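Text of the file run_4.txt, holding compact mmCIF, C-alpha atoms:
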# COMPACT_ATOMS: atom_id res chain seq x y z
CA MET S 3 92.37 62.87 80.75
CA MET S 4 95.45 63.68 78.64
CA GLU S 5 95.36 60.22 77.07
CA ARG S 6 91.73 60.66 76.09
CA LYS S 7 92.49 64.06 74.53
CA LYS S 8 95.35 62.54 72.52
CA GLN S 9 93.03 59.83 71.22
CA SER S 10 90.42 62.44 70.33
CA ASP S 11 93.01 64.59 68.52
CA PHE S 12 94.30 61.53 66.63
CA LEU S 13 90.80 60.55 65.49
CA ASN S 14 90.12 64.13 64.44
CA ASP S 15 93.36 64.15 62.40
CA ILE S 16 92.32 60.91 60.69
CA LYS S 17 88.90 62.37 59.87
CA LEU S 18 90.56 65.43 58.34
CA LEU S 19 93.06 63.28 56.47
CA ILE S 20 90.38 61.15 54.80
CA LYS S 21 88.04 64.15 54.44
CA PHE S 22 85.37 62.20 56.32
CA ASN S 23 82.35 64.19 55.11
CA VAL S 24 83.44 63.90 51.48
CA LEU S 25 84.13 60.19 51.90
CA ALA S 26 80.75 59.53 53.51
CA ALA S 27 78.99 61.43 50.72
CA ASN S 28 80.70 59.18 48.16
CA VAL S 29 79.76 55.95 49.93
CA LEU S 30 75.99 56.58 49.66
CA PRO S 31 75.93 56.42 45.81
CA VAL S 32 77.74 53.04 45.95
CA ILE S 33 74.94 51.71 48.15
CA THR S 34 72.30 53.32 45.94
CA GLY S 35 73.77 51.78 42.79
CA PHE S 36 73.71 48.33 44.35
CA VAL S 37 70.13 48.65 45.68
CA LEU S 38 68.86 49.86 42.29
CA ALA S 39 70.65 47.03 40.48
CA ILE S 40 68.96 44.48 42.74
CA TYR S 41 65.60 46.17 42.09
CA ILE S 42 65.88 46.65 38.31
CA THR S 43 67.37 43.24 37.51
CA ASN S 44 65.14 41.34 39.96
CA ALA S 45 68.23 39.79 41.51
CA ARG S 46 68.24 38.14 44.92
CA PHE S 47 69.97 40.12 47.66
CA TYR S 48 71.24 37.02 49.43
CA ASN S 49 73.19 36.01 46.30
CA TYR S 50 75.19 39.25 46.37
CA TRP S 51 75.34 40.49 49.98
CA PHE S 52 78.90 39.27 50.60
CA LEU S 53 80.22 40.70 47.32
CA PHE S 54 78.46 43.95 48.16
CA ILE S 55 80.20 44.17 51.54
CA LEU S 56 83.56 43.59 49.82
CA ALA S 57 82.76 46.23 47.19
CA LEU S 58 81.59 48.73 49.80
CA ILE S 59 84.68 48.32 51.96
CA GLY S 60 87.01 48.14 48.95
CA SER S 61 85.64 51.25 47.27
CA THR S 62 85.69 53.14 50.58
CA PHE S 63 89.38 52.28 51.00
CA VAL S 64 90.16 53.33 47.42
CA MET S 65 88.35 56.64 47.88
CA ALA S 66 90.02 57.21 51.25
CA GLY S 67 93.40 56.49 49.65
CA ALA S 68 92.75 59.05 46.92
CA LEU S 69 91.72 61.68 49.47
CA ILE S 70 94.78 60.99 51.62
CA ILE S 71 97.11 61.32 48.63
CA ASN S 72 95.33 64.57 47.73
CA ASN S 73 96.15 65.85 51.23
CA TRP S 74 99.76 64.79 50.84
CA PHE S 75 100.16 66.51 47.48
CA ASP S 76 98.26 69.68 48.41
CA ALA S 77 99.90 70.36 51.78
CA ASP S 78 101.52 73.55 50.46
CA ILE S 79 98.30 75.17 49.23
CA ASP S 80 96.26 73.82 52.16
CA SER S 81 98.46 75.89 54.45
CA LYS S 82 97.24 79.05 52.67
CA MET S 83 93.52 78.36 52.98
CA GLU S 84 91.56 78.94 56.18
CA ARG S 85 89.31 75.88 55.83
CA THR S 86 92.25 73.49 55.33
CA LYS S 87 94.82 74.85 57.80
CA LYS S 88 93.93 72.25 60.45
CA ARG S 89 94.70 69.24 58.28
CA PRO S 90 97.46 67.08 59.80
CA THR S 91 99.60 67.55 56.68
CA VAL S 92 99.66 71.28 57.51
CA THR S 93 99.95 71.04 61.29
CA GLY S 94 102.74 68.47 61.01
CA HIS S 95 100.94 65.92 63.19
CA PHE S 96 101.76 63.37 60.46
CA THR S 97 104.90 63.42 58.33
CA ASP S 98 104.67 63.52 54.54
CA LYS S 99 106.09 60.00 54.36
CA GLN S 100 103.49 58.67 56.80
CA VAL S 101 100.65 60.27 54.84
CA LEU S 102 101.89 59.02 51.46
CA THR S 103 102.45 55.51 52.82
CA LEU S 104 98.96 55.47 54.32
CA GLY S 105 97.44 56.73 51.08
CA ILE S 106 99.18 54.13 48.91
CA GLY S 107 98.51 51.31 51.39
CA THR S 108 94.82 52.17 51.72
CA THR S 109 94.45 52.37 47.96
CA ALA S 110 96.18 49.01 47.39
CA LEU S 111 94.03 47.27 50.01
CA GLY S 112 90.89 48.70 48.44
CA PHE S 113 91.80 47.44 44.97
CA ILE S 114 92.62 43.98 46.31
CA LEU S 115 89.14 43.75 47.86
CA LEU S 116 87.49 45.01 44.66
CA LEU S 117 89.38 42.49 42.53
CA ALA S 118 87.77 39.80 44.69
CA VAL S 119 84.37 41.14 43.54
CA ASN S 120 84.91 41.49 39.77
CA LEU S 121 86.92 43.44 37.21
CA GLU S 122 84.17 45.92 36.37
CA THR S 123 83.86 47.30 39.92
CA THR S 124 87.66 47.54 40.01
CA LEU S 125 87.73 49.39 36.69
CA TYR S 126 85.23 52.04 37.81
CA ALA S 127 87.07 52.52 41.09
CA PHE S 128 90.35 52.90 39.18
CA ILE S 129 88.82 55.49 36.85
CA GLY S 130 87.64 57.46 39.89
CA TRP S 131 90.99 57.14 41.69
CA PHE S 132 93.12 58.00 38.63
CA THR S 133 90.93 60.96 37.69
CA TYR S 134 91.02 62.41 41.20
CA VAL S 135 94.67 61.75 42.05
CA VAL S 136 96.43 62.21 38.72
CA LEU S 137 94.20 64.22 36.38
CA TYR S 138 92.71 66.48 39.05
CA THR S 139 95.11 66.76 42.02
CA MET S 140 98.46 66.47 40.25
CA TRP S 141 97.66 67.95 36.84
CA SER S 142 94.68 70.28 36.42
CA LYS S 143 93.90 71.70 39.87
CA ARG S 144 96.73 74.25 39.81
CA LYS S 145 96.63 75.00 36.09
CA TYR S 146 93.13 75.13 34.61
CA THR S 147 89.62 76.26 35.54
CA LEU S 148 88.50 72.97 33.98
CA ASN S 149 89.77 71.31 37.16
CA THR S 150 86.19 71.36 38.50
CA ILE S 151 84.85 69.39 35.53
CA ILE S 152 87.73 66.92 35.60
CA GLY S 153 87.35 66.37 39.34
CA SER S 154 83.62 65.79 38.96
CA ILE S 155 84.24 62.58 37.00
CA SER S 156 85.82 60.89 40.01
CA GLY S 157 82.83 61.55 42.25
CA ALA S 158 80.35 60.37 39.62
CA VAL S 159 81.60 56.79 39.12
CA THR S 160 80.50 55.63 42.58
CA PRO S 161 76.98 54.37 41.62
CA LEU S 162 78.56 52.39 38.78
CA ILE S 163 80.70 50.54 41.34
CA GLY S 164 77.64 49.51 43.35
CA TRP S 165 75.63 48.49 40.28
CA ALA S 166 78.50 46.45 38.81
CA VAL S 167 78.41 44.13 41.83
CA VAL S 168 75.17 42.73 40.38
CA ASP S 169 75.28 43.42 36.63
CA SER S 170 77.08 45.42 33.98
CA ALA S 171 76.70 49.15 34.62
CA ILE S 172 76.33 49.84 30.90
CA HIS S 173 72.65 50.45 31.55
CA PRO S 174 70.46 53.59 31.36
CA VAL S 175 69.77 53.79 35.11
CA PRO S 176 73.33 53.81 36.52
CA LEU S 177 74.60 55.91 33.61
CA THR S 178 71.89 58.52 34.28
CA ILE S 179 72.78 58.59 37.97
CA PHE S 180 76.40 59.05 36.88
CA LEU S 181 75.24 62.13 34.94
CA PHE S 182 73.27 63.38 37.95
CA LEU S 183 76.40 63.27 40.11
CA PHE S 184 78.74 64.61 37.42
CA ILE S 185 76.58 67.63 36.58
CA TRP S 186 75.56 68.29 40.21
CA GLN S 187 79.15 68.57 41.41
CA ILE S 188 79.96 71.47 39.09
CA PRO S 189 77.49 74.12 40.39
CA HIS S 190 78.02 72.74 43.91
CA THR S 191 81.77 73.33 43.61
CA PHE S 192 81.30 76.73 41.96
CA ALA S 193 79.17 77.81 44.93
CA ILE S 194 82.02 76.86 47.27
CA ALA S 195 84.52 78.63 45.02
CA ILE S 196 82.49 81.86 45.12
CA LYS S 197 82.36 81.75 48.92
CA ARG S 198 86.08 81.00 49.17
CA ARG S 199 87.34 83.01 46.19
CA GLU S 200 89.98 84.96 48.09
CA GLU S 201 91.32 81.81 49.74
CA TYR S 202 91.67 80.11 46.35
CA ARG S 203 93.30 83.24 44.97
CA ALA S 204 95.84 83.31 47.82
CA ALA S 205 96.58 79.61 47.26
CA GLY S 206 97.01 80.10 43.51
CA VAL S 207 94.20 77.71 42.56
CA PRO S 208 92.56 78.88 39.29
CA MET S 209 88.92 78.33 40.18
CA LEU S 210 86.41 79.87 37.78
CA PRO S 211 85.42 82.82 40.07
CA VAL S 212 89.12 83.62 40.59
CA VAL S 213 90.01 83.70 36.89
CA TYR S 214 86.79 84.88 35.21
CA GLY S 215 84.82 86.51 38.03
CA PHE S 216 81.38 86.07 39.55
CA GLU S 217 79.25 86.89 36.50
CA MET S 218 80.81 84.18 34.35
CA THR S 219 80.47 81.72 37.24
CA LYS S 220 76.78 82.57 37.65
CA ARG S 221 76.15 81.89 33.97
CA GLN S 222 78.03 78.61 34.12
CA MET S 223 76.07 77.55 37.21
CA LEU S 224 72.77 78.27 35.46
CA VAL S 225 73.81 76.21 32.44
CA TYR S 226 74.80 73.17 34.51
CA VAL S 227 71.76 73.34 36.80
CA THR S 228 69.54 73.49 33.71
CA CYS S 229 71.27 70.39 32.35
CA LEU S 230 69.88 68.44 35.31
CA LEU S 231 66.30 69.11 34.16
CA PRO S 232 65.87 66.26 31.60
CA LEU S 233 67.67 63.58 33.61
CA PRO S 234 64.70 62.25 35.66
CA PHE S 235 62.84 61.57 32.41
CA LEU S 236 65.67 59.31 31.20
CA ILE S 237 64.89 56.90 34.04
CA ALA S 238 61.09 57.05 33.91
CA GLN S 239 61.00 53.35 34.85
CA LEU S 240 61.64 54.44 38.45
CA GLY S 241 58.13 55.86 38.61
CA VAL S 242 56.10 59.05 38.49
CA LEU S 243 56.87 60.03 42.10
CA PHE S 244 60.60 60.22 41.41
CA ILE S 245 60.10 62.18 38.17
CA VAL S 246 57.76 64.73 39.76
CA ILE S 247 59.85 65.39 42.88
CA ALA S 248 63.13 65.49 40.94
CA ALA S 249 61.59 67.87 38.39
CA ILE S 250 60.37 70.20 41.16
CA LEU S 251 63.82 70.17 42.74
CA ASN S 252 65.45 70.95 39.38
CA VAL S 253 63.09 73.82 38.54
CA SER S 254 63.56 75.27 42.03
CA TRP S 255 67.33 75.21 41.61
CA ILE S 256 67.05 76.92 38.21
CA ILE S 257 65.01 79.70 39.85
CA LEU S 258 67.62 80.02 42.60
CA ALA S 259 70.37 80.19 39.97
CA LEU S 260 68.49 82.97 38.16
CA VAL S 261 68.12 84.94 41.41
CA GLY S 262 71.90 85.34 41.41
CA PHE S 263 71.75 87.78 38.48
CA TRP S 264 69.77 90.28 40.59
CA MET S 265 71.02 89.58 44.10
CA LYS S 266 73.75 91.97 45.26
CA ASP S 267 75.22 89.80 48.03
CA VAL S 268 76.91 87.20 45.84
CA ARG S 269 78.44 85.24 48.70
CA LYS S 270 75.11 84.95 50.47
CA TRP S 271 73.56 83.70 47.23
CA ALA S 272 76.42 81.20 46.87
CA GLN S 273 75.76 79.96 50.40
CA TRP S 274 72.10 79.42 49.50
CA ASN S 275 73.18 77.43 46.43
CA PHE S 276 75.62 75.39 48.48
CA LEU S 277 72.97 74.46 51.06
CA TYR S 278 70.42 73.76 48.34
CA SER S 279 72.84 71.52 46.44
CA VAL S 280 73.64 69.44 49.54
CA ASN S 281 69.95 68.92 50.35
CA TYR S 282 69.14 68.34 46.67
CA LEU S 283 71.55 65.43 46.45
CA MET S 284 70.41 63.90 49.73
CA ILE S 285 66.74 63.99 48.63
CA ILE S 286 67.53 62.58 45.17
CA PHE S 287 69.41 59.61 46.60
CA MET S 288 66.82 58.99 49.29
CA LEU S 289 64.20 58.90 46.52
CA LEU S 290 66.29 56.50 44.45
CA ILE S 291 66.38 54.09 47.38
CA LEU S 292 62.74 54.59 48.36
CA VAL S 293 61.43 53.77 44.88
CA THR S 294 62.79 50.25 45.32
CA LEU S 295 60.53 49.70 48.34
CA PHE S 296 57.22 50.26 46.54
structure tokens encoding of this file:
Amino acid sequence: MMERKKQSDFLNDIKLLIKFNVLAANVLPVITGFVLAIYITNARFYNYWFLFILALIGSTFVMAGALIINNWFDADIDSKMERTKKRPTVTGHFTDKQVLTLGIGTTALGFILLLAVNLETTLYAFIGWFTYVVLYTMWSKRKYTLNTIIGSISGAVTPLIGWAVVDSAIHPVPLTIFLFLFIWQIPHTFAIAIKRREEYRAAGVPMLPVVYGFEMTKRQMLVYVTCLLPLPFLIAQLGVLFIVIAAILNVSWIILALVGFWMKDVRKWAQWNFLYSVNYLMIIFMLLILVTLF
């Protein structure tokens, strides 16, 4: 019984170390980018399935490496925030050296696998890794409210990785999906920052609600949510069904963002936005895959 509990605790520590939910959410756009590339370019799946597996595993390792290094670097502020206090870098279940070694090793293995696919997939993965580890974690997160925008770049390159397995991602479809992810992450993160404002304040992280307050954050959220509105029309080749559903989702989110200017319970409103944003992204990516089946 004790042995089983130790194994369970170890697996839980690993899940916290790689931020499993975040990692899983970043793997889906890689798959979506690949599926859309096959569909749009009329390529044959059997010509690319092995390269796709390499790219999927490689990009997952690179992303996991970035998240592990983020945990290593942020151990001091994670200890001050309720939602991050159980991470093994805070509890001491893993030493700093072990975490850093794992992060670097995982990253290196991921890049080796991606180099076996092609240089373009490797380049996009490197942009995501460098942006998240260096520009976000080590530079902007503790200094500037722009950290949210900078960090959003790293999460938006994932569909480009999947697409580049088949063809160059300098194409309207993957670039538009990049914009979807980039813009979506900002109001999504602001919603979290409103809910956790006091935790970020205690940790010394200059999130927008901490530095400029709720009203400024509400206005910023409305602006970014509105910027999602024209994106479905940029990829009209995916069909009317996608445009209509995406447009309805965008308009609904704009209405929800506007509600925040009259709603007194700001944290409850932020929770609604957080839940809406998670479901919004899931529906959008399910649609992007489904359009390839008809």
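Distances here use only C-alpha atoms; by that measure, the residue among S:Val135, S:Ala27, S:Ala45, S:Leu111 closest to Ile70 (chain S) is S:Val135.
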Exercise. CA of Val24 (chain S) and CA of Asp267 (chain S), how far apart in Å?
Worked result: 27.4 Å
Exercise. Got a sec: who's within 9 Å of Val175 (chain S), counting only C-alpha atoms, leaving out chain neighbours fewer than 2 positions off, as a PyMOL selection string?
Worked result: chain S and resi 35+38-39+42+171-173+177-180+236-237+239-240
Write to file, as a PDB file, keeping the file's coordinate frame, the residues of the selection just made, with C-alpha atoms.
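In the end it all went to result00.pdb:
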ATOM      1  CA  GLY S  35      73.770  51.780  42.790  1.00  0.00           C
ATOM      2  CA  LEU S  38      68.860  49.860  42.290  1.00  0.00           C
ATOM      3  CA  ALA S  39      70.650  47.030  40.480  1.00  0.00           C
ATOM      4  CA  ILE S  42      65.880  46.650  38.310  1.00  0.00           C
ATOM      5  CA  ALA S 171      76.700  49.150  34.620  1.00  0.00           C
ATOM      6  CA  ILE S 172      76.330  49.840  30.900  1.00  0.00           C
ATOM      7  CA  HIS S 173      72.650  50.450  31.550  1.00  0.00           C
ATOM      8  CA  LEU S 177      74.600  55.910  33.610  1.00  0.00           C
ATOM      9  CA  THR S 178      71.890  58.520  34.280  1.00  0.00           C
ATOM     10  CA  ILE S 179      72.780  58.590  37.970  1.00  0.00           C
ATOM     11  CA  PHE S 180      76.400  59.050  36.880  1.00  0.00           C
ATOM     12  CA  LEU S 236      65.670  59.310  31.200  1.00  0.00           C
ATOM     13  CA  ILE S 237      64.890  56.900  34.040  1.00  0.00           C
ATOM     14  CA  GLN S 239      61.000  53.350  34.850  1.00  0.00           C
ATOM     15  CA  LEU S 240      61.640  54.440  38.450  1.00  0.00           C
TER      16      LEU S 240
END
Problem set entry | Contacts of Gly206 (chain S) at 12 Å (only C-alpha atoms; same-chain gap of 5+ positions) as a VMD selection string | chain S and resid 76 78 to 83 143 to 147 199 to 201 212 to 213
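Every polymer residue reaching to within 9 Å of (88.4, 48.7, 41.6), counting all atoms listed in the file, appears in this list: Ala57, Gly60, Ser61, Val64, Gly112, Phe113, Ile114, Leu115, Leu116, Leu117, Val119, Asn120, Leu121, Glu122, Thr123, Thr124, Leu125, Tyr126, Ala127, Phe128, Ile129, Gly130, Trp131 and Ile163 of chain S.
With CA of Val227 (chain S) on one side and CA of Phe36 (chain S) on the other, the separation reads 26.2 Å.
Proximity to Leu210 (chain S) was assessed for S:Asn281, S:Thr150, S:Asn28, S:Thr160 counting all atoms listed in the file; the smallest distance is recorded for S:Thr150.
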Problem set entry | Expected answer as a VMD selection string: all residues with atoms within 6 Å of (83.0, 64.1, 38.3), all atoms listed in the file | chain S and resid 153 to 158 184
Problem set entry | Neighbour list for region 228-232 of chain S as a ChimeraX atom specification, cut-off 8 Å, all atoms listed in the file, skip fewer than 4 positions in-chain | /S:182,185-186,224,236,249,252-253,256
For this session: Do a neighbour search on Asn275 (chain S) at 10 Å with all atoms listed in the file, toss out local chain neighbours closer than 2 positions, and write the hits as a PyMOL selection string.
Result: chain S and resi 189-194+223+255+258-259+262+269-273+277-282
Please write the residues from the selection above to a file, keeping C-alpha atoms, as a short mmCIF file (atom, residue, chain, number, x, y, z; two decimals), in the frame of the given file.
data_model
loop_
_atom_site.label_atom_id
_atom_site.label_comp_id
_atom_site.auth_asym_id
_atom_site.auth_seq_id
_atom_site.Cartn_x
_atom_site.Cartn_y
_atom_site.Cartn_z
CA PRO S 189 77.49 74.12 40.39
CA HIS S 190 78.02 72.74 43.91
CA THR S 191 81.77 73.33 43.61
CA PHE S 192 81.30 76.73 41.96
CA ALA S 193 79.17 77.81 44.93
CA ILE S 194 82.02 76.86 47.27
CA MET S 223 76.07 77.55 37.21
CA TRP S 255 67.33 75.21 41.61
CA LEU S 258 67.62 80.02 42.60
CA ALA S 259 70.37 80.19 39.97
CA GLY S 262 71.90 85.34 41.41
CA ARG S 269 78.44 85.24 48.70
CA LYS S 270 75.11 84.95 50.47
CA TRP S 271 73.56 83.70 47.23
CA ALA S 272 76.42 81.20 46.87
CA GLN S 273 75.76 79.96 50.40
CA LEU S 277 72.97 74.46 51.06
CA TYR S 278 70.42 73.76 48.34
CA SER S 279 72.84 71.52 46.44
CA VAL S 280 73.64 69.44 49.54
CA ASN S 281 69.95 68.92 50.35
CA TYR S 282 69.14 68.34 46.67
#
For this session: Compile the contact shell of Leu289 (chain S) as a list in words: residues with an atom at most 7 Å away, counting all atoms listed in the file, same-chain residues fewer than 4 positions apart removed.
Result: Phe244, Ile285 and Val293 of chain S
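Nearest-residue note for Pro176 (chain S): choosing from S:Gly67, S:Leu53, S:Val159, S:Ala238, the minimum distance belongs to S:Val159, counting all atoms listed in the file.
Here the question is which of S:Phe276, S:Trp165, S:Tyr226, S:Phe296 gets nearest to Gly241 (chain S) using only C-alpha atoms, and that residue is S:Phe296.
The coordinates place CA of Thr34 (chain S) at 28.0 Å from CA of Leu104 (chain S).
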Enclose the full set of atoms of region 203-211 of chain S listed in the file within a box whose edges lie along x, y and z, apply 8 Å of padding to each of the six sides, and report centre and edge lengths in Å to one decimal as lines of an AutoDock Vina configuration file.
center_x = 91.2
center_y = 80.5
center_z = 42.8
size_x = 27.6
size_y = 21.6
size_z = 26.0
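Nearest-residue note for Leu283 (chain S): choosing from S:Leu148, S:Tyr134, S:Gln187, S:Pro90, the minimum distance belongs to S:Gln187, counting only C-alpha atoms.
Nearest to Pro211 (chain S) of all the residues S:Ala195, S:Leu251, S:Val225, S:Phe12 is S:Ala195, based on only C-alpha atoms.
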